[in-house]
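Okay, target_20.cif now, which holds mmCIF, C-alpha atoms:
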```
data_run
#
loop_
_atom_site.label_atom_id
_atom_site.label_comp_id
_atom_site.auth_asym_id
_atom_site.auth_seq_id
_atom_site.Cartn_x
_atom_site.Cartn_y
_atom_site.Cartn_z
CA MET A 68 103.42 81.95 60.87
CA ILE A 69 103.04 85.11 58.79
CA SER A 70 106.33 86.95 58.46
CA ARG A 71 106.51 90.68 59.02
CA SER A 72 107.52 91.20 55.38
CA ALA A 73 104.34 89.45 54.23
CA LEU A 74 102.20 92.22 55.69
CA THR A 75 101.47 95.06 53.33
CA ARG A 76 101.79 98.62 54.54
CA GLY A 77 98.00 98.93 54.49
CA SER A 78 97.62 95.84 56.67
CA GLN A 79 100.16 97.17 59.15
CA LEU A 80 98.34 100.49 59.42
CA ALA A 81 95.02 98.70 59.92
CA LEU A 82 96.43 96.57 62.73
CA ARG A 83 97.95 99.60 64.37
CA SER A 84 94.61 101.43 64.24
CA GLN A 85 92.82 98.47 65.82
CA GLY A 86 95.46 98.25 68.56
CA ALA A 87 95.19 101.97 69.30
CA ALA A 88 91.39 101.71 69.54
CA LYS A 89 91.65 98.79 71.96
CA LEU A 90 94.24 100.67 74.03
CA ALA A 91 91.97 103.72 74.24
CA GLN A 92 89.04 101.53 75.33
CA ARG A 93 91.17 99.90 78.03
CA GLY A 94 92.36 103.32 79.22
CA PHE A 95 88.83 104.65 79.70
CA ALA A 96 87.77 101.46 81.46
CA ALA A 97 90.67 101.68 83.89
CA VAL A 98 89.85 105.24 84.88
CA ALA A 99 86.13 104.56 85.17
CA SER A 100 86.52 101.80 87.74
CA PRO A 101 89.13 102.64 90.40
CA LYS A 102 89.57 100.64 93.56
CA ALA A 103 86.79 101.34 96.05
CA SER A 104 87.20 104.11 98.62
CA TYR A 105 87.38 103.37 102.34
CA GLU A 106 83.99 103.28 104.06
CA PRO A 107 84.05 105.07 107.45
CA ALA A 108 82.13 104.02 110.55
CA THR A 109 82.26 104.42 114.32
CA VAL A 110 82.41 101.30 116.50
CA ALA A 111 82.40 101.57 120.30
CA GLY A 112 83.57 105.18 120.03
CA ILE A 113 86.48 104.28 117.73
CA LYS A 114 86.74 105.63 114.19
CA VAL A 115 86.96 102.73 111.73
CA ALA A 116 87.37 102.56 107.94
CA SER A 117 87.57 99.55 105.65
CA ARG A 118 87.39 98.42 102.06
CA ASP A 119 87.27 94.90 100.71
CA ASP A 120 88.28 93.65 97.27
CA GLN A 121 87.84 89.99 98.35
CA GLY A 122 91.58 89.33 98.03
CA PRO A 123 93.51 86.70 100.04
CA THR A 124 95.46 89.20 102.17
CA THR A 125 94.58 92.01 104.57
CA HIS A 126 96.43 95.13 105.69
CA LEU A 127 95.38 96.48 109.08
CA ALA A 128 96.61 99.63 110.80
CA VAL A 129 96.05 101.64 113.94
CA VAL A 130 96.67 105.28 113.08
CA ALA A 131 97.19 107.43 116.18
CA LYS A 132 97.28 111.20 116.48
CA ALA A 133 100.84 111.00 117.78
CA GLY A 134 103.12 112.43 115.10
CA THR A 135 105.99 114.78 115.83
CA ARG A 136 103.62 117.75 115.55
CA TYR A 137 101.96 116.75 118.81
CA GLU A 138 104.91 115.59 120.94
CA PRO A 139 105.34 117.87 123.99
CA LEU A 140 109.05 116.96 124.23
CA PRO A 141 111.58 116.13 121.48
CA GLY A 142 111.97 112.45 120.67
CA LEU A 143 108.76 111.10 122.21
CA THR A 144 107.22 110.03 118.89
CA VAL A 145 110.32 108.10 117.79
CA GLY A 146 110.58 106.59 121.27
CA LEU A 147 106.98 105.39 121.17
CA GLU A 148 107.51 104.02 117.66
CA ALA A 149 110.60 102.08 118.80
CA PHE A 150 108.66 100.55 121.72
CA THR A 151 106.06 99.12 119.35
CA PHE A 152 105.81 95.29 119.41
CA LYS A 153 108.03 95.05 122.50
CA ASN A 154 106.99 93.20 125.69
CA THR A 155 103.35 93.54 126.71
CA LYS A 156 101.55 92.31 129.83
CA LYS A 157 100.43 89.21 127.90
CA ARG A 158 103.26 88.45 125.48
CA SER A 159 106.99 88.88 125.19
CA ALA A 160 108.47 90.60 122.17
CA LEU A 161 109.92 87.25 121.09
CA ARG A 162 106.52 85.59 121.23
CA ILE A 163 104.96 88.38 119.18
CA VAL A 164 107.61 87.94 116.48
CA ARG A 165 107.36 84.14 116.40
CA GLU A 166 103.56 84.07 116.28
CA ALA A 167 103.46 86.65 113.49
CA GLU A 168 106.02 84.64 111.50
CA LEU A 169 104.11 81.38 112.02
CA LEU A 170 101.06 83.04 110.50
CA GLY A 171 103.10 84.51 107.64
CA GLY A 172 102.38 88.05 108.80
CA GLN A 173 104.42 91.25 108.63
CA LEU A 174 104.58 93.93 111.32
CA ALA A 175 105.70 97.55 110.95
CA ALA A 176 105.64 100.84 112.82
CA TYR A 177 106.41 104.27 111.39
CA HIS A 178 105.39 107.87 111.83
CA THR A 179 104.60 111.04 109.94
CA ARG A 180 104.45 114.59 111.23
CA GLU A 181 100.86 114.02 112.36
CA ALA A 182 100.43 110.29 112.90
CA LEU A 183 102.03 107.20 114.37
CA VAL A 184 101.12 104.08 112.41
CA LEU A 185 101.13 100.48 113.69
CA GLN A 186 100.56 98.17 110.75
CA ALA A 187 100.11 94.44 110.19
CA SER A 188 99.82 92.58 106.89
CA PHE A 189 98.58 89.00 106.90
CA LEU A 190 96.40 86.29 105.40
CA ARG A 191 92.74 87.24 105.38
CA GLU A 192 91.60 84.55 107.82
CA ASP A 193 93.96 85.82 110.53
CA LEU A 194 92.14 89.13 111.07
CA PRO A 195 91.07 88.28 114.67
CA TYR A 196 94.61 87.52 115.82
CA PHE A 197 96.20 90.67 114.41
CA THR A 198 93.33 92.91 115.52
CA GLU A 199 93.87 91.61 119.06
CA LEU A 200 97.63 92.08 118.76
CA LEU A 201 97.43 95.74 117.68
CA ALA A 202 94.93 96.45 120.46
CA GLU A 203 97.24 94.77 122.96
CA VAL A 204 100.24 96.79 121.81
CA ILE A 205 98.56 100.16 122.35
CA THR A 206 96.94 99.24 125.68
CA GLN A 207 99.33 96.82 127.40
CA THR A 208 102.93 97.56 126.35
CA ARG A 209 105.12 97.56 129.47
CA TYR A 210 107.72 100.25 128.58
CA THR A 211 110.47 98.61 130.62
CA THR A 212 113.79 100.21 131.55
CA HIS A 213 115.98 97.43 130.16
CA GLU A 214 114.21 97.48 126.79
CA PHE A 215 114.65 101.24 126.55
CA HIS A 216 118.41 101.10 127.19
CA GLU A 217 119.15 97.86 125.30
CA GLU A 218 116.87 98.19 122.26
CA VAL A 219 115.03 101.48 121.91
CA GLU A 220 118.03 103.79 122.32
CA SER A 221 120.18 101.75 119.94
CA VAL A 222 117.47 101.82 117.24
CA ILE A 223 117.09 105.59 117.56
CA HIS A 224 120.85 106.17 117.38
CA ALA A 225 121.17 103.90 114.34
CA LYS A 226 118.46 105.83 112.50
CA GLN A 227 119.96 109.17 113.50
CA ALA A 228 123.26 108.13 111.93
CA LYS A 229 121.49 107.65 108.56
CA ILE A 230 119.93 111.11 108.39
CA GLY A 231 121.17 112.73 105.19
CA ALA A 232 121.27 116.23 103.78
CA ASP A 233 117.92 115.71 102.01
CA ALA A 234 116.07 114.96 105.26
CA ILE A 235 117.77 117.84 107.07
CA ALA A 236 116.81 120.26 104.29
CA LEU A 237 113.20 119.09 104.31
CA ASP A 238 113.01 119.52 108.08
CA ALA A 239 114.59 122.97 107.72
CA ALA A 240 111.97 124.03 105.17
CA HIS A 241 109.18 122.84 107.48
CA SER A 242 110.78 124.70 110.38
CA VAL A 243 110.82 128.08 108.66
CA ALA A 244 107.39 127.43 107.15
CA PHE A 245 105.57 126.57 110.38
CA HIS A 246 108.03 127.12 113.27
CA THR A 247 106.45 124.87 115.92
CA GLY A 248 104.02 121.97 115.43
CA LEU A 249 104.47 120.91 111.81
CA GLY A 250 107.84 122.63 111.98
CA ALA A 251 109.22 120.01 114.38
CA PRO A 252 111.77 117.68 112.71
CA LEU A 253 110.45 114.35 111.51
CA TYR A 254 113.40 112.62 113.16
CA PRO A 255 115.76 114.19 115.74
CA THR A 256 119.29 114.72 114.47
CA PRO A 257 122.31 113.46 116.46
CA SER A 258 122.82 117.02 117.75
CA THR A 259 119.29 117.19 119.20
CA PRO A 260 119.53 116.90 123.03
CA ILE A 261 116.83 114.25 123.37
CA ALA A 262 118.60 112.43 126.23
CA SER A 263 117.29 114.97 128.73
CA TYR A 264 113.70 114.39 127.58
CA LEU A 265 113.50 110.78 126.44
CA ASN A 266 113.24 107.80 128.79
CA GLU A 267 110.89 104.89 129.38
CA ASN A 268 108.73 106.93 131.77
CA SER A 269 108.22 109.89 129.43
CA VAL A 270 107.39 107.51 126.57
CA ALA A 271 104.83 105.71 128.76
CA GLN A 272 103.22 109.03 129.69
CA TYR A 273 103.07 110.01 126.02
CA ALA A 274 101.41 106.68 125.20
CA ASP A 275 98.77 107.34 127.87
CA ALA A 276 98.10 110.74 126.30
CA VAL A 277 97.77 109.61 122.66
CA TYR A 278 96.27 106.12 122.81
CA ASN A 279 92.57 106.75 123.39
CA ARG A 280 89.35 106.28 121.41
CA ALA A 281 89.14 109.92 120.38
CA ASP A 282 92.64 110.04 118.90
CA ILE A 283 93.03 106.77 116.97
CA ALA A 284 91.52 105.20 113.88
CA VAL A 285 91.54 101.55 112.85
CA VAL A 286 91.79 101.08 109.08
CA ALA A 287 91.67 97.84 107.08
CA ASP A 288 92.30 97.11 103.43
CA GLY A 289 91.02 93.64 102.59
CA ALA A 290 88.36 93.23 105.26
CA SER A 291 84.65 93.98 105.25
CA GLU A 292 83.17 96.48 107.68
CA GLY A 293 81.24 93.72 109.42
CA ALA A 294 84.29 91.49 109.88
CA LEU A 295 86.40 94.34 111.25
CA SER A 296 83.71 95.78 113.51
CA LYS A 297 83.11 92.36 115.05
CA TRP A 298 86.53 92.40 116.72
CA ILE A 299 86.90 96.09 117.59
CA GLU A 300 84.72 96.18 120.69
CA PRO A 301 86.04 93.05 122.47
CA PHE A 302 89.73 93.71 121.77
CA PHE A 303 89.81 97.50 122.28
CA LYS A 304 87.63 97.52 125.40
CA GLU A 305 90.54 98.63 127.64
CA LEU A 306 91.25 101.69 125.51
CA PRO A 307 90.20 104.85 127.41
CA SER A 308 87.58 107.14 125.88
CA GLN A 309 89.67 110.31 126.12
CA SER A 310 93.18 111.41 126.97
CA PRO A 311 93.82 112.26 130.63
CA ASP A 312 96.26 114.92 129.41
CA PRO A 313 95.17 116.27 126.00
CA LEU A 314 98.01 117.35 123.74
CA ASP A 315 98.45 120.81 122.26
CA SER A 316 96.86 121.04 118.82
CA ALA A 317 97.20 124.73 117.95
CA ALA A 318 96.29 125.60 114.36
CA SER A 319 99.15 125.74 111.88
CA LYS A 320 100.21 129.10 110.46
CA TYR A 321 102.37 129.40 107.35
CA ARG A 322 105.18 131.95 107.68
CA GLY A 323 107.96 131.36 105.15
CA GLY A 324 111.66 132.04 105.47
CA GLU A 325 115.11 130.70 104.75
CA VAL A 326 117.66 128.61 106.64
CA ARG A 327 121.14 127.53 105.54
CA ILE A 328 123.09 124.71 107.20
CA PRO A 329 126.70 123.84 106.30
CA LYS A 330 127.45 120.14 105.85
CA THR A 331 130.12 118.05 104.17
CA GLY A 332 129.22 115.52 101.50
CA SER A 333 126.32 115.90 99.10
CA SER A 334 124.14 118.99 99.15
CA ALA A 335 120.39 119.42 99.25
CA LEU A 336 117.98 122.26 98.59
CA VAL A 337 114.27 122.32 99.37
CA ILE A 338 112.09 125.09 97.96
CA ALA A 339 108.62 125.05 99.48
CA PHE A 340 105.35 126.93 99.07
CA PRO A 341 101.92 126.69 100.73
CA GLY A 342 100.31 123.49 99.45
CA SER A 343 97.02 121.64 99.68
CA ALA A 344 95.76 120.34 103.04
CA LEU A 345 94.06 117.00 103.65
CA GLY A 346 90.56 117.04 102.24
CA ALA A 347 91.03 120.44 100.56
CA SER A 348 89.62 120.81 97.07
CA GLN A 349 92.71 122.15 95.29
CA PRO A 350 93.16 119.95 92.21
CA GLU A 351 95.46 122.58 90.66
CA THR A 352 98.10 121.67 93.24
CA ALA A 353 98.08 118.02 92.20
CA VAL A 354 98.32 118.97 88.52
CA LEU A 355 101.19 121.35 89.27
CA ILE A 356 102.98 118.49 91.05
CA GLY A 357 102.37 116.42 87.92
CA LEU A 358 104.00 119.09 85.75
CA LEU A 359 106.95 119.61 88.11
CA GLY A 360 107.38 115.84 88.41
CA GLY A 361 110.77 114.33 89.19
CA GLU A 362 112.53 111.28 87.82
CA SER A 363 111.22 110.13 84.45
CA GLY A 364 108.83 107.20 84.65
CA ILE A 365 109.77 105.97 81.17
CA LYS A 366 113.14 104.34 80.54
CA TRP A 367 115.45 106.04 78.03
CA SER A 368 113.31 109.17 78.07
CA PRO A 369 114.08 112.38 79.98
CA GLY A 370 110.34 112.79 80.52
CA PHE A 371 108.12 115.82 79.97
CA THR A 372 108.17 117.24 83.50
CA ILE A 373 110.11 120.33 84.54
CA LEU A 374 112.32 118.53 87.06
CA SER A 375 113.00 115.48 84.90
CA LYS A 376 114.28 117.74 82.09
CA ALA A 377 116.41 119.73 84.55
CA THR A 378 118.01 116.64 86.10
CA ALA A 379 118.61 115.05 82.68
CA ALA A 380 120.62 118.14 81.72
CA ASN A 381 122.58 117.97 84.99
CA PRO A 382 123.86 114.41 85.60
CA GLY A 383 124.16 113.48 89.26
CA ALA A 384 121.21 115.57 90.35
CA HIS A 385 118.00 114.10 91.75
CA ALA A 386 114.81 116.10 92.12
CA LYS A 387 111.15 115.57 92.90
CA ALA A 388 108.05 117.61 93.66
CA THR A 389 105.72 116.60 96.49
CA ASN A 390 102.67 117.99 98.25
CA TYR A 391 102.81 117.19 101.96
CA ALA A 392 99.16 117.32 103.00
CA TYR A 393 98.38 117.88 106.68
CA SER A 394 95.12 118.31 108.54
CA ASP A 395 95.11 122.12 108.44
CA ALA A 396 97.93 123.02 106.05
CA GLY A 397 99.97 121.75 103.14
CA LEU A 398 103.51 122.23 101.88
CA LEU A 399 104.36 121.93 98.19
CA THR A 400 108.08 121.18 97.86
CA ILE A 401 110.74 120.97 95.20
CA GLU A 402 113.49 118.76 96.64
CA ILE A 403 116.89 118.65 94.93
CA THR A 404 119.99 116.64 95.92
CA GLY A 405 123.44 116.12 94.45
CA SER A 406 126.68 118.09 94.28
CA ALA A 407 126.23 121.76 95.16
CA SER A 408 126.88 122.93 91.59
CA VAL A 409 124.22 120.72 89.96
CA VAL A 410 121.75 121.44 92.75
CA ARG A 411 122.12 125.15 92.01
CA LYS A 412 121.63 124.65 88.27
CA VAL A 413 118.53 122.47 88.71
CA ALA A 414 117.05 124.98 91.17
CA GLU A 415 117.59 127.87 88.75
CA GLU A 416 116.09 125.96 85.81
CA SER A 417 113.13 124.78 87.90
CA ILE A 418 112.14 128.23 89.11
CA LYS A 419 112.63 129.63 85.61
CA ALA A 420 110.31 126.96 84.22
CA LEU A 421 107.77 127.60 87.00
CA LYS A 422 107.72 131.28 86.05
CA SER A 423 107.06 130.25 82.44
CA VAL A 424 103.87 128.57 83.67
CA VAL A 425 102.69 131.95 84.96
CA ASP A 426 103.55 133.49 81.61
CA GLY A 427 101.30 130.96 79.90
CA SER A 428 104.14 129.17 78.11
CA VAL A 429 103.01 125.66 79.05
CA SER A 430 101.61 123.83 76.04
CA LYS A 431 98.17 122.27 76.01
CA GLU A 432 99.81 118.87 75.50
CA ASP A 433 101.95 119.24 78.65
CA LEU A 434 98.86 120.26 80.65
CA VAL A 435 97.04 117.13 79.43
CA LYS A 436 100.07 115.04 80.42
CA ALA A 437 100.23 116.67 83.86
CA ILE A 438 96.54 115.97 84.51
CA ALA A 439 96.99 112.35 83.39
CA LYS A 440 100.01 111.97 85.68
CA ALA A 441 98.09 113.46 88.61
CA LYS A 442 95.26 110.97 88.01
CA PHE A 443 97.70 108.07 87.80
CA ASP A 444 99.47 109.14 91.02
CA LEU A 445 96.10 109.39 92.76
CA LEU A 446 94.89 105.98 91.60
CA SER A 447 98.16 104.14 92.18
CA GLY A 448 98.50 105.74 95.62
CA SER A 449 94.98 104.73 96.60
CA GLU A 450 95.76 101.14 95.57
CA THR A 451 98.97 100.99 97.64
CA ALA A 452 97.98 99.60 101.01
CA GLY A 453 100.39 101.58 103.18
CA VAL A 454 99.68 104.93 101.50
CA GLY A 455 95.92 104.38 101.49
CA LEU A 456 95.79 103.25 105.12
CA VAL A 457 97.73 106.26 106.40
CA HIS A 458 95.75 108.73 104.28
CA ALA A 459 92.40 107.32 105.40
CA GLY A 460 93.45 107.11 109.04
CA ALA A 461 94.92 110.63 109.08
CA ASN A 462 91.68 112.03 107.70
CA LEU A 463 89.61 110.21 110.31
CA ILE A 464 91.65 111.21 113.37
CA HIS A 465 91.39 114.84 112.32
CA GLY A 466 87.64 114.79 111.80
CA GLY A 467 87.60 114.34 108.04
CA LYS A 468 86.58 111.51 105.76
CA PRO A 469 88.64 109.12 103.62
CA LEU A 470 89.60 110.20 100.12
CA GLN A 471 86.77 109.88 97.61
CA VAL A 472 88.61 108.75 94.49
CA LEU A 473 85.93 109.37 91.85
CA GLU A 474 85.20 112.87 93.13
CA THR A 475 88.89 113.75 93.12
CA ILE A 476 89.36 112.46 89.56
CA LYS A 477 86.50 114.66 88.35
CA ALA A 478 88.11 117.64 90.08
CA LEU A 479 91.43 116.96 88.35
CA GLU A 480 89.73 116.75 84.96
CA SER A 481 88.17 120.17 85.57
CA VAL A 482 91.53 121.96 85.78
CA THR A 483 91.93 124.46 82.97
CA ALA A 484 95.00 126.32 81.71
CA GLU A 485 93.76 129.52 83.36
CA LYS A 486 93.22 127.85 86.76
CA PHE A 487 96.63 126.25 86.45
CA LYS A 488 98.28 129.58 85.67
CA THR A 489 96.52 131.28 88.59
CA ALA A 490 97.70 128.57 91.03
CA ALA A 491 101.33 128.88 89.89
CA LYS A 492 101.20 132.68 90.14
CA ALA A 493 99.88 132.49 93.70
CA LEU A 494 102.91 130.41 94.70
CA LEU A 495 105.50 132.74 93.23
CA ASP A 496 103.75 135.89 94.51
CA GLY A 497 103.71 134.54 98.07
CA LYS A 498 106.48 133.74 100.53
CA ALA A 499 108.66 130.68 99.93
CA SER A 500 110.31 128.49 102.56
CA VAL A 501 113.84 127.48 101.60
CA GLY A 502 116.18 125.02 103.30
CA ALA A 503 119.76 124.71 102.00
CA VAL A 504 122.15 122.08 103.37
CA GLY A 505 125.70 121.42 102.16
CA ASP A 506 128.24 123.66 100.45
CA LEU A 507 126.78 127.08 101.21
CA HIS A 508 129.42 128.82 99.13
CA VAL A 509 127.76 127.38 96.02
CA LEU A 510 124.13 126.80 97.00
CA PRO A 511 121.88 129.73 96.05
CA PHE A 512 120.04 132.06 98.37
CA ALA A 513 116.28 132.39 97.84
CA GLU A 514 116.90 135.92 96.51
CA ASP A 515 119.25 134.51 93.87
CA LEU A 516 116.36 132.43 92.55
CA GLY A 517 113.98 135.38 92.51
CA LEU A 518 111.94 134.11 95.47
CA ARG A 519 110.38 136.09 98.29
CA VAL A 520 110.96 134.86 101.85
#
```
Translate this file's structure into C-alpha cells.
Amino acid sequence: MISRSALTRGSQLALRSQGAAKLAQRGFAAVASPKASYEPATVAGIKVASRDDQGPTTHLAVVAKAGTRYEPLPGLTVGLEAFTFKNTKKRSALRIVREAELLGGQLAAYHTREALVLQASFLREDLPYFTELLAEVITQTRYTTHEFHEEVESVIHAKQAKIGADAIALDAAHSVAFHTGLGAPLYPTPSTPIASYLNENSVAQYADAVYNRADIAVVADGASEGALSKWIEPFFKELPSQSPDPLDSAASKYRGGEVRIPKTGSSALVIAFPGSALGASQPETAVLIGLLGGESGIKWSPGFTILSKATAANPGAHAKATNYAYSDAGLLTIEITGSASVVRKVAEESIKALKSVVDGSVSKEDLVKAIAKAKFDLLSGSETAGVGLVHAGANLIHGGKPLQVLETIKALESVTAEKFKTAAKALLDGKASVGAVGDLHVLPFAEDLGLRV
C-alpha cells in the first residue's frame, strides 16, 4: 500500500483534479437522466397515470377530490379518511389487515387540502389484489355506527390532541389568505364543534359525493400502463360516472391578513405570500424557496440559505420555506417555531434578508446554489413515491397533467438574477398573510416586520 506521505504534492493535486472531473461528469449525468414522468391515460372514464422503472415493488394510490377544501361540513374529510380500510360488504377490517400483511403490503390513508389519498405499497406481482382492494374500499365500505363510535371518533380525537402551534399557525395563515375553501383547517382543532356535523351517515353521504369517475385518479409507481389498465375496468365497474350531489368548487381568491392566537408552550409564526399553483410556470418561486431554505442539509455547516443562517444564530428555533401548490392558487410560506423570543428574531432576520434580495444583494454564487437546490428538491421529490403519487393525482383530478420533470428543470435553469429580484419584490409589495400562535406579548405583528396585510 502506498502511504499518504509517499505521494508528492504534485501527485496529490493531479489525483484531486481527476476526482473533480469525474464528480462533474457524474453530476451532469444525474441531471440529464431523471426518473421518468408519469404517463396519463383515461380508462373506462377514470383518469390513470403510471410510470415503471421495472423495480420489484409498486406503489398504488387512489387520489380523490375530497380534501378539506371541498367538505360541505367540518370534519367530513377526516371522518372519511378514518373510515378507510374498515369493514366493506366483502371483507372485514381484520381480514383486510391480515391479507395485506400476508402479502407484505402496506396500507395508508391521508389527506391534503384538496385531496384524499388511499395508498398501498406492495410487491410488484400483487398489483391485481391491491387494485381490487382500493376499488372495494371506495365503493363498498359500510360506514357502520359501531365503527364510527368505537374507532373513527377515537382516532380523530387522538390526532386532535397532537395538533401543535405550528399546525395552528399554518391553518391561520391559510384562513386569512383564502377565507373559505383552501382556508379551511387541514385538521379540526379540539375546539371545533364537529360533533354536530360528523357521524356515520354524513360521512357516507360525503363518500357518495366524492367517489366517482370524474373526481378520482388512480396512480401507480412501479407498474406499466398496460398492467394497470387491465384491472381498472373490472374492479372499478361499480364506481358511478358522476356525483349525485356535486360539491362546491368556487375559485380561490387570495386576500391576505393577520390573525393572532394565544397559546401556552412553544410559539409559531407563519408568514405567507401568494405562491405558485399546480402546473403554473413560475420557476422563480422554486428558486426563492431554495434560497430561503430551512435546516441545513450538510452536517456541521449552518448552510447558505437565509433561514438556515437565521436559525443557526438563534438556537432552539426551527424554520423552513415551502410552496403549497393548489389547483388554482399557491401559498409561499416561511414557518418558524420555537420560543417566542427566537421566533421573533428569526422572523426579523428573514424578512430583512428577503428585502436584501430585492436590493440585489444576493451573490451570483448563492443564486447558483439556490437553483441547484431547487433542482435537487424537484428530482428527489419526483422520486419519492408518496410525493410523486399525490402530485400526479392532484394534477389529474383538477384537469391538469403530471409534472414534466425535464421541462421544469429547464425552466429552473432559465432563472436569472433580474427575474429572481422581480419575483421577490412582487411578494413584498403585495399583501402578506400572517398567523401568530403562542406568546403574543413577544411575537411580532406584521407591521413590526414591515409587511403589508
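From CA of Ala344 in chain A back to CA of Tyr393 in chain A, the distance works out to 5.1 Å.
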* **Answer as a ChimeraX atom specification, residues within 7 Å of (114.9, 126.7, 105.4) using all atoms listed in the file** => /A:236,239-240,242-243,324-327,500-503
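Between CA of Ala160 in chain A and CA of Thr206 in chain A the separation is 14.8 Å.
Take the candidates A:Thr179, A:Ser394, A:Lys440, A:Val509 and check each one against Gly364 in chain A using all atoms listed in the file; the shortest distance goes to A:Lys440.
Note that the spacing between CA of Gly293 in chain A and CA of Glu203 in chain A amounts to 21.0 Å.
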Check which residues satisfy the PyMOL selection byres ((chain A and resi 104) around 12) in the file shown, then give them as an mmCIF file with C-alpha atoms, in the coordinates of the input.
```
data_model
loop_
_atom_site.group_PDB
_atom_site.id
_atom_site.type_symbol
_atom_site.label_atom_id
_atom_site.label_comp_id
_atom_site.auth_asym_id
_atom_site.auth_seq_id
_atom_site.Cartn_x
_atom_site.Cartn_y
_atom_site.Cartn_z
ATOM 1 C CA SER A 100 86.520 101.800 87.740
ATOM 2 C CA PRO A 101 89.130 102.640 90.400
ATOM 3 C CA LYS A 102 89.570 100.640 93.560
ATOM 4 C CA ALA A 103 86.790 101.340 96.050
ATOM 5 C CA TYR A 105 87.380 103.370 102.340
ATOM 6 C CA GLU A 106 83.990 103.280 104.060
ATOM 7 C CA PRO A 107 84.050 105.070 107.450
ATOM 8 C CA ALA A 116 87.370 102.560 107.940
ATOM 9 C CA SER A 117 87.570 99.550 105.650
ATOM 10 C CA ARG A 118 87.390 98.420 102.060
ATOM 11 C CA ASP A 119 87.270 94.900 100.710
ATOM 12 C CA ASP A 120 88.280 93.650 97.270
ATOM 13 C CA VAL A 286 91.790 101.080 109.080
ATOM 14 C CA ALA A 287 91.670 97.840 107.080
ATOM 15 C CA ASP A 288 92.300 97.110 103.430
ATOM 16 C CA GLY A 289 91.020 93.640 102.590
ATOM 17 C CA LEU A 445 96.100 109.390 92.760
ATOM 18 C CA LEU A 446 94.890 105.980 91.600
ATOM 19 C CA GLY A 448 98.500 105.740 95.620
ATOM 20 C CA SER A 449 94.980 104.730 96.600
ATOM 21 C CA GLU A 450 95.760 101.140 95.570
ATOM 22 C CA ALA A 452 97.980 99.600 101.010
ATOM 23 C CA GLY A 455 95.920 104.380 101.490
ATOM 24 C CA LEU A 456 95.790 103.250 105.120
ATOM 25 C CA HIS A 458 95.750 108.730 104.280
ATOM 26 C CA ALA A 459 92.400 107.320 105.400
ATOM 27 C CA LYS A 468 86.580 111.510 105.760
ATOM 28 C CA PRO A 469 88.640 109.120 103.620
ATOM 29 C CA LEU A 470 89.600 110.200 100.120
ATOM 30 C CA GLN A 471 86.770 109.880 97.610
ATOM 31 C CA VAL A 472 88.610 108.750 94.490
ATOM 32 C CA LEU A 473 85.930 109.370 91.850
ATOM 33 C CA GLU A 474 85.200 112.870 93.130
ATOM 34 C CA THR A 475 88.890 113.750 93.120
#
```
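Residues with any atom within 8 Å of the point (123.0, 119.3, 99.0), counting all atoms listed in the file, are A:Ala232, A:Asp233, A:Gly332, A:Ser333, A:Ser334, A:Ala335, A:Leu336, A:Ile403, A:Thr404, A:Gly405, A:Ser406, A:Ala407, A:Val410, A:Ala503, A:Val504, A:Gly505, A:Asp506, A:Leu510.
Each of A:Ala187, A:Val270, A:Ala111, A:Val204 was compared to Thr144 in chain A using only C-alpha atoms, and A:Val270 turns out to be the nearest.
Considering the residues A:Val129, A:Ala384, A:Ala396, A:Leu190 and counting only C-alpha atoms, Leu249 in chain A has its shortest atom-to-atom contact with A:Ala396.
Proximity ranking of A:Phe512, A:Tyr321, A:Trp298, A:Phe197 relative to Val115 in chain A places A:Trp298 first, based on only C-alpha atoms.
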* To do: Run the PyMOL selection byres ((chain A and resi 252) around 10) on the file and write out the hits as a VMD selection string.
  => chain A and resid 135 to 136 141 to 142 180 234 to 235 237 to 242 247 to 251 253 to 256 259
